[in-house]
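What's in run11.txt: compact mmCIF, C-alpha atoms
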# COMPACT_ATOMS: atom_id res chain seq x y z
CA MET A 14 -94.44 60.75 78.56
CA PHE A 15 -91.36 62.36 80.02
CA ASN A 16 -89.95 65.82 80.71
CA LEU A 17 -86.88 66.87 78.76
CA LEU A 18 -85.03 69.72 80.44
CA VAL A 19 -82.09 71.18 78.52
CA GLN A 20 -79.78 73.93 79.77
CA PHE A 21 -76.41 75.40 78.83
CA SER A 22 -74.51 74.25 81.92
CA PRO A 23 -74.41 70.78 83.55
CA TRP A 24 -77.17 69.77 85.95
CA GLY A 25 -76.45 68.53 89.44
CA ALA A 26 -77.04 71.25 92.02
CA GLY A 27 -80.45 69.87 92.92
CA ARG A 28 -82.08 73.25 92.35
CA ASP A 29 -82.46 75.31 89.18
CA THR A 30 -84.80 77.59 87.28
CA VAL A 31 -86.32 77.34 83.82
CA PRO A 32 -87.81 80.39 82.04
CA ILE A 33 -91.57 80.07 81.71
CA SER A 34 -91.21 81.28 78.14
CA ARG A 35 -89.18 78.14 77.30
CA LEU A 36 -91.73 75.71 78.75
CA PHE A 37 -93.39 73.41 76.18
CA GLU A 38 -90.97 74.27 73.39
CA TYR A 39 -90.61 71.31 70.98
CA THR A 40 -93.77 69.85 72.52
CA ASN A 41 -96.84 68.63 70.67
CA ASP A 42 -99.63 71.22 71.02
CA ASP A 43 -102.14 68.68 72.34
CA VAL A 44 -99.67 67.52 74.97
CA ALA A 45 -98.89 71.07 76.05
CA ALA A 46 -102.61 71.87 76.26
CA SER A 47 -103.19 68.86 78.53
CA PHE A 48 -100.93 70.46 81.15
CA ARG A 49 -102.64 73.85 81.06
CA ASN A 50 -105.80 74.96 82.80
CA GLY A 51 -106.57 78.22 81.13
CA ASP A 52 -103.58 80.45 81.85
CA ARG A 53 -102.39 78.24 84.65
CA ILE A 54 -99.76 75.50 84.34
CA ALA A 55 -100.57 72.16 85.98
CA LEU A 56 -97.17 71.87 87.63
CA ASP A 57 -98.39 69.24 90.09
CA ARG A 58 -99.16 66.85 87.22
CA LEU A 59 -96.18 67.87 85.13
CA ILE A 60 -93.63 66.96 87.77
CA ARG A 61 -95.03 63.46 88.13
CA LEU A 62 -93.41 62.55 84.82
CA PRO A 63 -89.92 61.06 84.69
CA CYS A 64 -87.26 63.46 83.43
CA ILE A 65 -84.10 63.66 81.40
CA PHE A 66 -81.82 66.48 82.53
CA MET A 67 -79.57 67.31 79.59
CA GLN A 68 -76.79 69.79 78.98
CA GLU A 69 -76.73 71.39 75.54
CA GLY A 70 -74.64 69.51 72.98
CA THR A 71 -74.45 66.36 70.87
CA ASN A 72 -71.10 64.95 71.97
CA ASP A 73 -69.81 63.57 75.28
CA GLN A 74 -71.98 65.75 77.54
CA LEU A 75 -73.78 63.70 80.21
CA ALA A 76 -77.54 63.56 80.63
CA ARG A 77 -79.23 62.10 83.71
CA VAL A 78 -82.59 60.48 84.32
CA GLY A 79 -84.37 61.71 87.42
CA THR A 80 -87.41 63.29 89.02
CA ILE A 81 -88.60 66.79 89.85
CA THR A 82 -89.50 66.73 93.53
CA HIS A 83 -90.89 70.27 93.79
CA ALA A 84 -91.76 73.09 91.38
CA ARG A 85 -93.16 76.60 91.83
CA LEU A 86 -93.58 79.75 89.81
CA SER A 87 -91.02 82.43 90.64
CA GLY A 88 -91.56 85.59 88.60
CA ARG A 89 -90.76 84.74 84.99
CA ASP A 90 -89.17 81.41 85.93
CA ILE A 91 -90.16 78.01 87.24
CA ALA A 92 -88.02 77.08 90.22
CA ILE A 93 -87.48 73.34 90.52
CA GLU A 94 -85.89 70.91 92.92
CA TYR A 95 -84.82 67.58 91.48
CA THR A 96 -82.94 64.34 92.08
CA PHE A 97 -81.22 61.88 89.79
CA ASP A 98 -82.12 58.19 89.64
CA MET A 99 -78.82 56.63 90.74
CA ASP A 100 -79.90 53.20 89.45
CA ILE A 101 -79.77 54.50 85.87
CA PRO A 102 -76.27 55.30 84.53
CA PRO A 103 -75.61 58.67 82.90
CA LEU A 104 -76.42 58.92 79.20
CA LEU A 105 -74.12 60.40 76.60
CA ASN A 106 -75.69 63.15 74.53
CA SER A 107 -74.15 61.51 71.48
CA ALA A 108 -76.14 58.33 72.19
CA ILE A 109 -79.36 60.28 72.59
CA PHE A 110 -78.60 62.22 69.39
CA ALA A 111 -77.96 58.98 67.49
CA ASN A 112 -81.41 57.73 68.59
CA ARG A 113 -83.13 61.13 68.61
CA ILE A 114 -86.20 59.91 66.70
CA ASP A 115 -86.92 57.32 69.42
CA PHE A 116 -86.61 60.08 72.05
CA ASP A 117 -89.01 62.27 70.00
CA MET A 118 -86.26 64.83 69.36
CA PRO A 119 -86.24 65.10 65.55
CA HIS A 120 -85.00 68.72 65.47
CA ASP A 121 -81.21 69.04 65.74
CA PHE A 122 -81.55 72.57 67.12
CA GLU A 123 -83.30 71.14 70.17
CA PHE A 124 -79.89 69.90 71.36
CA SER A 125 -78.50 73.44 71.44
CA ARG A 126 -81.31 75.41 73.06
CA SER A 127 -82.24 75.59 76.73
CA HIS A 128 -85.88 74.63 77.16
CA TRP A 129 -88.37 72.33 78.88
CA ALA A 130 -90.22 69.96 76.57
CA VAL A 131 -92.70 67.18 77.22
CA LYS A 132 -92.22 64.12 75.01
CA GLU A 133 -95.07 61.72 74.28
CA VAL A 134 -93.02 58.51 74.43
CA ASP A 135 -92.36 55.92 77.13
CA LEU A 136 -88.95 56.96 78.45
CA TYR A 137 -88.06 53.65 80.09
CA ARG A 138 -88.97 51.62 77.03
CA VAL A 139 -86.76 53.87 74.91
CA LEU A 140 -83.90 53.51 77.40
CA ILE A 141 -84.18 49.72 77.39
CA ARG A 142 -84.25 49.59 73.61
CA ASN A 143 -81.40 52.01 72.98
CA THR A 144 -79.04 52.08 75.94
CA GLN A 145 -78.74 48.47 77.13
CA SER A 146 -75.37 47.04 76.25
CA ARG A 147 -75.62 44.83 73.20
CA ARG A 148 -73.80 41.56 72.75
CA GLN A 149 -71.34 40.96 69.97
CA ARG A 150 -73.07 38.73 67.49
CA PRO A 151 -71.49 35.36 66.61
CA THR A 152 -71.33 34.20 63.01
CA VAL A 153 -71.68 30.42 63.47
CA PHE A 154 -75.07 30.63 65.21
CA ASN A 155 -77.51 33.32 66.32
CA ILE A 156 -78.30 34.67 69.78
CA THR A 157 -80.96 37.21 70.63
CA GLU A 158 -79.83 40.79 71.11
CA HIS A 159 -81.05 40.79 74.72
CA GLU A 160 -81.29 37.86 77.10
CA ARG A 161 -84.62 36.08 77.50
CA ILE A 162 -83.85 33.64 80.32
CA GLU A 163 -86.73 31.41 81.35
CA PRO A 164 -86.46 31.27 85.16
CA THR A 165 -87.74 27.67 85.43
CA LEU A 166 -85.81 26.18 82.52
CA LEU A 167 -82.92 23.77 83.13
CA SER A 168 -81.04 22.25 80.20
CA ALA A 169 -78.95 19.07 80.09
CA MET A 170 -75.92 18.72 77.83
CA MET A 171 -74.75 15.12 77.44
CA PRO A 172 -73.80 12.64 74.69
CA PHE A 173 -76.63 11.39 72.46
CA ASP A 174 -76.22 7.81 73.62
CA ALA A 175 -78.78 5.37 75.01
CA SER A 176 -76.68 4.76 78.13
CA PHE A 177 -77.32 8.37 79.20
CA THR A 178 -81.10 8.10 78.92
CA PRO A 179 -81.51 6.99 82.59
CA VAL A 180 -79.24 9.85 83.65
CA TYR A 181 -81.34 12.36 81.77
CA GLU A 182 -84.50 10.88 83.29
CA ALA A 183 -82.99 11.33 86.77
CA LEU A 184 -82.18 14.97 85.97
CA ARG A 185 -85.69 15.53 84.65
CA GLN A 186 -87.33 14.06 87.76
CA THR A 187 -85.06 16.09 90.04
CA ALA A 188 -85.93 19.29 88.19
CA GLU A 189 -89.66 18.61 88.31
CA SER A 190 -89.51 17.92 92.05
CA ILE A 191 -88.53 21.55 92.66
CA GLY A 192 -90.72 23.15 90.01
CA LEU A 193 -88.24 23.30 87.11
CA ARG A 194 -88.44 22.02 83.54
CA CYS A 195 -85.52 19.99 82.19
CA ARG A 196 -84.88 19.73 78.46
CA ARG A 197 -82.08 18.68 76.18
CA ALA A 198 -81.48 19.43 72.52
CA ASP A 199 -83.07 16.25 71.13
CA ASP A 200 -86.33 17.28 72.84
CA ILE A 201 -86.74 20.17 70.42
CA TRP A 202 -86.58 20.81 66.68
CA GLU A 203 -87.06 24.51 66.06
CA ASN A 204 -84.24 25.22 63.60
CA PRO A 205 -82.72 23.47 60.56
CA ALA A 206 -79.31 23.28 62.27
CA ILE A 207 -79.08 21.36 65.55
CA ILE A 208 -76.37 23.73 66.86
CA GLN A 209 -78.88 26.56 66.72
CA ASP A 210 -81.36 24.56 68.81
CA ILE A 211 -78.60 23.80 71.32
CA VAL A 212 -77.44 27.41 71.59
CA SER A 213 -81.00 28.72 71.87
CA LEU A 214 -81.73 26.22 74.63
CA ILE A 215 -78.59 27.20 76.56
CA ASP A 216 -79.32 30.90 76.10
CA ARG A 217 -82.84 30.55 77.53
CA SER A 218 -81.82 28.33 80.45
CA ARG A 219 -81.52 29.39 84.07
CA VAL A 220 -79.14 26.50 84.76
CA VAL A 221 -77.17 24.22 82.44
CA ILE A 222 -76.06 20.75 83.61
CA CYS A 223 -73.19 19.31 81.54
CA ASP A 224 -72.11 15.66 81.72
CA CYS A 225 -68.36 15.40 81.04
CA THR A 226 -68.39 11.59 80.99
CA ASN A 227 -66.26 10.14 78.16
CA ARG A 228 -64.91 13.61 77.31
CA ASN A 229 -67.45 14.12 74.57
CA PRO A 230 -66.20 17.06 72.43
CA ASN A 231 -69.74 18.32 71.78
CA VAL A 232 -70.40 18.63 75.50
CA PHE A 233 -67.20 20.60 76.05
CA TYR A 234 -68.15 22.93 73.21
CA GLU A 235 -71.52 23.45 74.90
CA ILE A 236 -69.84 24.10 78.26
CA GLY A 237 -67.83 26.87 76.61
CA ILE A 238 -70.98 28.40 75.14
CA ALA A 239 -72.78 28.26 78.49
CA HIS A 240 -69.85 29.85 80.34
CA THR A 241 -69.53 32.58 77.70
CA LEU A 242 -73.23 33.40 77.97
CA GLY A 243 -72.91 33.67 81.75
CA ARG A 244 -75.18 30.76 82.63
CA GLU A 245 -75.05 28.83 85.88
CA VAL A 246 -73.23 25.63 84.88
CA ILE A 247 -73.13 22.41 86.91
CA LEU A 248 -70.60 19.82 85.81
CA ILE A 249 -71.27 16.12 86.45
CA THR A 250 -69.25 13.05 85.51
CA GLN A 251 -69.01 9.29 86.01
CA ASN A 252 -65.22 9.52 85.95
CA THR A 253 -63.24 12.32 87.59
CA ASN A 254 -60.47 11.84 85.01
CA ASP A 255 -62.90 13.08 82.36
CA ILE A 256 -62.81 16.58 83.86
CA PRO A 257 -60.08 18.36 81.85
CA PHE A 258 -57.40 20.48 83.46
CA ASP A 259 -58.99 23.78 82.37
CA LEU A 260 -62.21 22.90 84.22
CA ARG A 261 -60.80 21.09 87.23
CA HIS A 262 -60.72 24.27 89.32
CA LEU A 263 -64.53 24.25 89.20
CA ARG A 264 -66.67 22.11 91.47
CA TYR A 265 -68.23 19.06 89.87
CA VAL A 266 -70.42 16.15 90.92
CA SER A 267 -69.25 12.56 90.48
CA TYR A 268 -71.88 9.83 90.20
CA LEU A 269 -72.35 6.15 89.39
CA ASN A 270 -74.65 5.25 86.52
CA ASN A 271 -76.80 2.79 88.43
CA ALA A 272 -80.10 3.20 90.25
CA GLU A 273 -78.51 4.08 93.58
CA GLY A 274 -75.91 6.35 92.01
CA ARG A 275 -78.49 8.27 90.02
CA GLN A 276 -80.61 8.68 93.13
CA VAL A 277 -77.65 10.18 95.01
CA LEU A 278 -76.93 12.40 92.00
CA GLY A 279 -80.50 13.68 92.06
CA GLN A 280 -80.31 14.48 95.78
CA THR A 281 -77.03 16.35 95.36
CA LEU A 282 -78.29 18.31 92.38
CA GLN A 283 -81.53 19.14 94.13
CA ARG A 284 -79.68 20.88 96.95
CA ARG A 285 -77.51 22.81 94.49
CA LEU A 286 -80.43 23.81 92.29
CA GLU A 287 -82.46 25.00 95.28
CA ALA A 288 -79.50 27.16 96.34
CA ILE A 289 -79.19 28.67 92.85
CA ILE A 290 -82.90 29.31 92.36
CA GLY A 291 -83.35 30.53 95.92
CA GLY A 292 -80.36 32.87 95.59
Output the file's structure as structure tokens, nothing else.
Amino acid sequence: MFNLLVQFSPWGAGRDTVPISRLFEYTNDDVAASFRNGDRIALDRLIRLPCIFMQEGTNDQLARVGTITHARLSGRDIAIEYTFDMDIPPLLNSAIFANRIDFDMPHDFEFSRSHWAVKEVDLYRVLIRNTQSRRQRPTVFNITEHERIEPTLLSAMMPFDASFTPVYEALRQTAESIGLRCRRADDIWENPAIIQDIVSLIDRSRVVICDCTNRNPNVFYEIGIAHTLGREVILITQNTNDIPFDLRHLRYVSYLNNAEGRQVLGQTLQRRLEAIIGG
């Protein structure tokens, strides 16, 4: 549940009054009754709920999420002291109006009347569902609307060639040594199109290791996807000339594809991965 407090002027002074006669307007009768004890109002329990402080209107007025820190009866009013939660950005009334059913505000008139309502919905769940920024959706493949990064998942992007199998095995062993899981696209078959498996794997990964050896075009495409999705990307290569100009400003790890070289690669990557995960 949450308190919805609407008034004509903007909130922000830290102190205000609400007419007792406007308390529990647009509130389910059972909910209102749960905060009454006979003729008395259970203010101590009421102010424990999170709050939205809203100015009247359905346009670019700003509403804030916050908390009532103190409340008392004062004649025909309830005097309140309140603070805003500075970790939650202001909300536009227009956004709340567009999602008014989720906020349990089905009556348009509620946006133009000063009152104090109690809504029987989980405020923070509604905020997450309706106010998080949403990603533009690609047309070639699908990504989830909100990120679902698996904190222990590392993915490896490299050519599908037998000569890279020992490299992948070295990456997998390095990941497991520090409590991570390493996977690459040929480990999974969840979608009809392999590009969808690749993108889904990148999107879920905490870290993406990309092998630029031989300038494989698929790997460079995957690097672009990983960078666009904001993943931590580590570039590795057997030949420094295989790092193209547009990526050369980024740090990369050179290695030799023999037992000793792969061991050194694993040690170097372990230090970098520990720094990323630890940070």
Problem set entry | All residues 10 Å or closer to Ile191 of chain A, only C-alpha atoms, same chain fewer than 5 positions away omitted, as a ChimeraX atom specification | /A:165,186,283-284,286-287,290
Would you write out those residues with C-alpha atoms, as a compact mmCIF listing (two decimals), in the frame of the given file?
# COMPACT_ATOMS: atom_id res chain seq x y z
CA THR A 165 -87.74 27.67 85.43
CA GLN A 186 -87.33 14.06 87.76
CA GLN A 283 -81.53 19.14 94.13
CA ARG A 284 -79.68 20.88 96.95
CA LEU A 286 -80.43 23.81 92.29
CA GLU A 287 -82.46 25.00 95.28
CA ILE A 290 -82.90 29.31 92.36
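Taking atom CA of Pro102 of chain A and atom CA of Glu133 of chain A as the two end points, the separation is 22.4 Å.
Counting from atom CA of Phe154 of chain A, the distance to atom CA of Ile207 of chain A is 10.1 Å.
With distances restricted to only C-alpha atoms, A:Val19 is the closest residue to Ser127 of chain A from A:Val266, A:Val19, A:Ala175, A:Ala169.
In this structure, atom CA of Phe21 of chain A sits 21.2 Å away from atom CA of Arg85 of chain A.
Counting only C-alpha atoms, the residue from A:Pro63, A:Pro103, A:Pro179, A:Pro151 that sits nearest to Val134 of chain A is A:Pro63.
The smallest atom-to-atom distance between His83 of chain A and any of A:Ile208, A:Leu59, A:Val180, A:Leu166, using all atoms listed in the file, is found for A:Leu59.
Taking all atoms listed in the file into account, Ser176 of chain A lies nearest to A:Gln251 out of the set A:Asp199, A:Gln280, A:Gln251, A:Thr82.
Candidate residues A:Ile222, A:Val44, A:Val131, A:Val153 were compared for distance to Arg185 of chain A, and the nearest is A:Ile222, using only C-alpha atoms.
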Ref. answer, residues at most 6 Å from (-77.7, 34.3, 74.6) with only C-alpha atoms, as a PDB file with C-alpha atoms, in the frame of the given file:
ATOM      1  CA  ILE A 156     -78.300  34.670  69.780  1.00  0.00           C
ATOM      2  CA  THR A 157     -80.960  37.210  70.630  1.00  0.00           C
ATOM      3  CA  GLU A 160     -81.290  37.860  77.100  1.00  0.00           C
ATOM      4  CA  ASP A 216     -79.320  30.900  76.100  1.00  0.00           C
ATOM      5  CA  LEU A 242     -73.230  33.400  77.970  1.00  0.00           C
TER       6      LEU A 242
END
For this session: Tell me, as a ChimeraX atom specification, which residues lie within 10 Å of Met118 of chain A, counting only C-alpha atoms; anything in the same chain fewer than 3 positions away does not count.
Result: /A:17,39-40,109-110,112-115,121-124,130,132
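Comparing the minimum interatomic distances between Val31 of chain A and each of A:Asp90, A:Asp200, A:Asp224, A:Asp57, counting all atoms listed in the file, we find that A:Asp90 sits nearest.
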May I have a table of the residues of segment 102-131 of chain A lying at most 7 Å from segment 65-70 of chain A, giving each one's closest pair of atoms and their distance in Å to one decimal, counting all atoms listed in the file, ordered by chain and ascending residue number, as CSV?
residue,atom,partner,partner_atom,distance
A:Asn106,CA,A:Gly70,CA,6.6
A:Phe124,CA,A:Glu69,CA,5.4
A:Ser125,CA,A:Glu69,CA,4.9
A:Arg126,CA,A:Glu69,CA,6.6
